[in-house]
Amino acid sequence: MSQFIHTINYKNFNVDVLRLDLLQPNIQGNKYYKLKYNIVQARKENKSILLSFGGAYSNHIAALAKLGALEKFTTIGIIRAEEHEDLSYTLKEAEQNGMLFKFCNRTDYRNFRKHLNNNNQEAFGELLKKYLPKIDEKEVYIIPEGGTNSLALKGTQEILDVIEKAYEYICCPVGTAGTISGIIASSKYSNIIGFPALKGNFFEKEINTLLKQISNETYSNWEINSDYHFGAYAAFNNDLISFINRFYSDYAIPLEPIYTAKMFFGIFDMIAKNKFALDSKILAIHTGGLQGIKGFNEKHGDLLNT
């Protein structure tokens, strides 16, 4: 599996990069692992429709549409956007893969998430009927926003299976926490550092909640570094854009600005500030999501050279 490990050097540090974007290029890296066992469960329950949630630039929505097409499921996306808005590059790609959209106002979108998280099936069903009045709920398999649930963790625990050596540190971007939680559960001898894509102090609670879904074990091999979210989800500045373009020029590895770029920016800053011992063995998980580059450039005017 060495072809999926690329080693980069920064200030005399070698950092190994696990290129999930190459390992699973069709389903955008970590999204394959999060969806893998959900697909198995949907088939076991004889469901024909995969329904999930996301914004107009969601990597999860793009991946679900493509995997659904490959696995012969109908896919439906409840999209947090106004119907009259032009389709983003992400949604155009999902539509090409057969996904049907229902556009949802922000209040109802929050309620969808709340009812699903609280397992309030009656309220969730009523809201679903508002947007899909003719749907047969018996045919529908629901996948949460971002794809994160206990079955997602079963998949993300397999991410490190391709690793053939030990690392003191494994670094991972954090969104809905499904990927890092699986890595924490599967790595007993490394220190896991999560770099959140958004601002907030809820990640530790969320990760502990997810880990309890799969094990009674207490995990202490991880930490969250919240210094590199750049202010909010999808937030960026000139420093981050320059970093992405320079990183691609130096290492020929593309980064998208929401998740992977913030992680690598954080790793490089920690190296510059001597946060790692010089001989530390560091692995960075490149989680893919590269379709987001085209959507970002579409929205912000070709800022990224990759």
# chains A, B, ... in the order shown; residues from 1 in each chain; ligands from 1
>>> residues_around(residues="stretch 95-98 of chain A", least_positions_apart="3", cutoff="10 Å", atoms="only C-alpha atoms", output="PyMOL selection string")
chain A and resi 62-70+73-77+87+89-92+101
>>> closest_atom_pairs(of="stretch 148-178 of chain A", to="stretch 183-189 of chain A", cutoff="10 Å", atoms="only C-alpha atoms", output="CSV")
residue,atom,partner,partner_atom,distance
A:Leu153,CA,A:Ile183,CA,8.5
A:Lys154,CA,A:Ala185,CA,9.5
A:Gly155,CA,A:Ile183,CA,9.8
A:Thr156,CA,A:Ile183,CA,6.5
A:Gln157,CA,A:Ser186,CA,5.3
A:Glu158,CA,A:Ser186,CA,7.6
A:Ile159,CA,A:Ile183,CA,7.1
A:Leu160,CA,A:Ile183,CA,7.1
A:Asp161,CA,A:Ser186,CA,8.9
A:Ala166,CA,A:Tyr189,CA,7.7
A:Tyr167,CA,A:Tyr189,CA,7.8
A:Glu168,CA,A:Tyr189,CA,7.4
A:Tyr169,CA,A:Tyr189,CA,9.1
A:Ile170,CA,A:Ile183,CA,8.7
A:Cys171,CA,A:Ile183,CA,9.7
A:Cys172,CA,A:Ile183,CA,8.7
A:Gly178,CA,A:Ile183,CA,8.8
>>> write_last_selection(atoms="C-alpha atoms", output="mmCIF file, in the first residue's frame")
data_model
loop_
_atom_site.group_PDB
_atom_site.id
_atom_site.type_symbol
_atom_site.label_atom_id
_atom_site.label_comp_id
_atom_site.auth_asym_id
_atom_site.auth_seq_id
_atom_site.Cartn_x
_atom_site.Cartn_y
_atom_site.Cartn_z
ATOM 1 C CA LEU A 153 -17.456 4.299 12.625
ATOM 2 C CA LYS A 154 -17.350 0.612 11.743
ATOM 3 C CA GLY A 155 -16.061 1.720 8.355
ATOM 4 C CA THR A 156 -13.645 4.415 9.498
ATOM 5 C CA GLN A 157 -12.018 1.956 11.879
ATOM 6 C CA GLU A 158 -10.680 0.290 8.718
ATOM 7 C CA ILE A 159 -8.847 3.386 7.437
ATOM 8 C CA LEU A 160 -5.589 2.499 9.180
ATOM 9 C CA ASP A 161 -5.628 -1.103 7.925
ATOM 10 C CA ALA A 166 3.896 2.807 13.787
ATOM 11 C CA TYR A 167 3.458 6.558 14.251
ATOM 12 C CA GLU A 168 3.703 8.695 17.359
ATOM 13 C CA TYR A 169 1.123 11.084 15.912
ATOM 14 C CA ILE A 170 -1.794 10.645 13.526
ATOM 15 C CA CYS A 171 -3.443 13.874 12.376
ATOM 16 C CA CYS A 172 -6.964 14.048 11.004
ATOM 17 C CA GLY A 178 -17.042 10.191 12.349
#
>>> residues_around(residues="A:Asn38", least_positions_apart="3", cutoff="7 Å", atoms="only C-alpha atoms", output="ChimeraX atom specification")
/A:35,41-42,151-152
>>> atom_distance(atom1="atom CA of A:His115", atom2="atom CA of A:Glu217")
28.2 Å
>>> select_by_dssp(residues="stretch 103-247 of chain A", states="strand (DSSP E or B)", output="list in words")
Phe103, Cys104, Val140, Tyr141, Ile142, Tyr169, Ile170, Cys171, Cys172, Pro173, Val174, Asn191, Ile192, Ile193, Gly194, Phe195, Pro196, Trp222, Glu223 and Ile224 of chain A
>>> select_by_dssp(residues="stretch 11-156 of chain A", states="helix (DSSP H, G or I)", output="number ranges by chain")
A: 20-23, 25-27, 30-44, 59-70, 89-96, 106-117, 121-131, 137-139, 145-147, 150-156
>>> write_last_selection(atoms="C-alpha atoms", output="PDB file, in the first residue's frame")
ATOM      1  CA  LEU A  20      -7.410   8.461   0.858  1.00  0.00           C
ATOM      2  CA  ASP A  21      -8.201  10.579  -2.183  1.00  0.00           C
ATOM      3  CA  LEU A  22      -6.133   8.066  -4.188  1.00  0.00           C
ATOM      4  CA  LEU A  23      -7.188   4.961  -2.280  1.00  0.00           C
ATOM      5  CA  PRO A  25     -10.889   8.366  -5.640  1.00  0.00           C
ATOM      6  CA  ASN A  26     -14.417   7.669  -6.900  1.00  0.00           C
ATOM      7  CA  ILE A  27     -16.105   8.104  -3.514  1.00  0.00           C
ATOM      8  CA  ASN A  30     -13.096   8.943   3.852  1.00  0.00           C
ATOM      9  CA  LYS A  31     -16.692   9.102   2.584  1.00  0.00           C
ATOM     10  CA  TYR A  32     -16.360   5.583   1.185  1.00  0.00           C
ATOM     11  CA  TYR A  33     -15.585   4.238   4.654  1.00  0.00           C
ATOM     12  CA  LYS A  34     -18.448   6.152   6.268  1.00  0.00           C
ATOM     13  CA  LEU A  35     -20.965   4.901   3.724  1.00  0.00           C
ATOM     14  CA  LYS A  36     -19.685   1.337   3.260  1.00  0.00           C
ATOM     15  CA  TYR A  37     -21.611  -0.392   6.050  1.00  0.00           C
ATOM     16  CA  ASN A  38     -24.623   1.879   5.710  1.00  0.00           C
ATOM     17  CA  ILE A  39     -24.978   0.501   2.183  1.00  0.00           C
ATOM     18  CA  VAL A  40     -24.672  -3.044   3.548  1.00  0.00           C
ATOM     19  CA  GLN A  41     -27.367  -2.322   6.148  1.00  0.00           C
ATOM     20  CA  ALA A  42     -29.696  -0.671   3.632  1.00  0.00           C
ATOM     21  CA  ARG A  43     -29.486  -3.742   1.430  1.00  0.00           C
ATOM     22  CA  LYS A  44     -30.038  -6.032   4.423  1.00  0.00           C
ATOM     23  CA  ASN A  59     -18.750  16.255  -0.036  1.00  0.00           C
ATOM     24  CA  HIS A  60     -21.100  13.764   1.592  1.00  0.00           C
ATOM     25  CA  ILE A  61     -23.917  14.501  -0.850  1.00  0.00           C
ATOM     26  CA  ALA A  62     -21.582  14.124  -3.833  1.00  0.00           C
ATOM     27  CA  ALA A  63     -20.204  10.832  -2.504  1.00  0.00           C
ATOM     28  CA  LEU A  64     -23.635   9.416  -1.640  1.00  0.00           C
ATOM     29  CA  ALA A  65     -24.955  10.174  -5.123  1.00  0.00           C
ATOM     30  CA  LYS A  66     -22.022   8.437  -6.778  1.00  0.00           C
ATOM     31  CA  LEU A  67     -22.028   5.395  -4.495  1.00  0.00           C
ATOM     32  CA  GLY A  68     -25.802   5.115  -4.757  1.00  0.00           C
ATOM     33  CA  ALA A  69     -25.531   5.059  -8.540  1.00  0.00           C
ATOM     34  CA  LEU A  70     -22.826   2.395  -8.417  1.00  0.00           C
ATOM     35  CA  TYR A  89     -20.776  22.269  -9.059  1.00  0.00           C
ATOM     36  CA  THR A  90     -21.288  19.709  -6.274  1.00  0.00           C
ATOM     37  CA  LEU A  91     -25.019  19.450  -6.843  1.00  0.00           C
ATOM     38  CA  LYS A  92     -24.608  19.315 -10.602  1.00  0.00           C
ATOM     39  CA  GLU A  93     -22.277  16.352 -10.138  1.00  0.00           C
ATOM     40  CA  ALA A  94     -24.717  14.679  -7.741  1.00  0.00           C
ATOM     41  CA  GLU A  95     -27.565  15.263 -10.174  1.00  0.00           C
ATOM     42  CA  GLN A  96     -25.539  13.666 -12.967  1.00  0.00           C
ATOM     43  CA  ARG A 106     -32.807  26.480   7.342  1.00  0.00           C
ATOM     44  CA  THR A 107     -35.459  26.149  10.057  1.00  0.00           C
ATOM     45  CA  ASP A 108     -36.807  22.877   8.693  1.00  0.00           C
ATOM     46  CA  TYR A 109     -33.277  21.660   8.066  1.00  0.00           C
ATOM     47  CA  ARG A 110     -32.385  22.203  11.725  1.00  0.00           C
ATOM     48  CA  ASN A 111     -35.563  20.381  12.715  1.00  0.00           C
ATOM     49  CA  PHE A 112     -34.690  17.433  10.494  1.00  0.00           C
ATOM     50  CA  ARG A 113     -31.358  17.179  12.291  1.00  0.00           C
ATOM     51  CA  LYS A 114     -32.912  17.618  15.740  1.00  0.00           C
ATOM     52  CA  HIS A 115     -35.614  14.981  15.226  1.00  0.00           C
ATOM     53  CA  LEU A 116     -33.121  12.531  13.760  1.00  0.00           C
ATOM     54  CA  ASN A 117     -30.609  13.061  16.574  1.00  0.00           C
ATOM     55  CA  GLN A 121     -39.544   9.293  14.457  1.00  0.00           C
ATOM     56  CA  GLU A 122     -43.041  10.771  14.446  1.00  0.00           C
ATOM     57  CA  ALA A 123     -41.884  14.379  14.115  1.00  0.00           C
ATOM     58  CA  PHE A 124     -39.232  13.390  11.589  1.00  0.00           C
ATOM     59  CA  GLY A 125     -41.805  11.486   9.539  1.00  0.00           C
ATOM     60  CA  GLU A 126     -44.201  14.443   9.506  1.00  0.00           C
ATOM     61  CA  LEU A 127     -41.466  16.768   8.275  1.00  0.00           C
ATOM     62  CA  LEU A 128     -40.404  14.240   5.657  1.00  0.00           C
ATOM     63  CA  LYS A 129     -43.970  14.041   4.341  1.00  0.00           C
ATOM     64  CA  LYS A 130     -43.980  17.835   3.989  1.00  0.00           C
ATOM     65  CA  TYR A 131     -41.125  17.624   1.488  1.00  0.00           C
ATOM     66  CA  GLU A 137     -41.023   5.497   4.174  1.00  0.00           C
ATOM     67  CA  LYS A 138     -40.642   1.702   4.220  1.00  0.00           C
ATOM     68  CA  GLU A 139     -38.393   2.039   1.162  1.00  0.00           C
ATOM     69  CA  GLU A 145     -25.762  14.679   7.575  1.00  0.00           C
ATOM     70  CA  GLY A 146     -22.115  13.972   6.876  1.00  0.00           C
ATOM     71  CA  GLY A 147     -22.795  10.242   7.013  1.00  0.00           C
ATOM     72  CA  SER A 150     -22.261   3.925  14.394  1.00  0.00           C
ATOM     73  CA  LEU A 151     -22.026   2.121  11.037  1.00  0.00           C
ATOM     74  CA  ALA A 152     -19.835   4.925   9.719  1.00  0.00           C
ATOM     75  CA  LEU A 153     -17.456   4.299  12.625  1.00  0.00           C
ATOM     76  CA  LYS A 154     -17.350   0.612  11.743  1.00  0.00           C
ATOM     77  CA  GLY A 155     -16.061   1.720   8.355  1.00  0.00           C
ATOM     78  CA  THR A 156     -13.645   4.415   9.498  1.00  0.00           C
TER      79      THR A 156
END
>>> residues_around(residues="stretch 290-300 of chain A", least_positions_apart="4", cutoff="8 Å", atoms="only C-alpha atoms", output="ChimeraX atom specification")
/A:21,28,57-59,88-90,254-257,304,306
>>> residues_around(residues="A:Asp16", least_positions_apart="3", cutoff="7 Å", atoms="only C-alpha atoms", output="count of residues only")
7
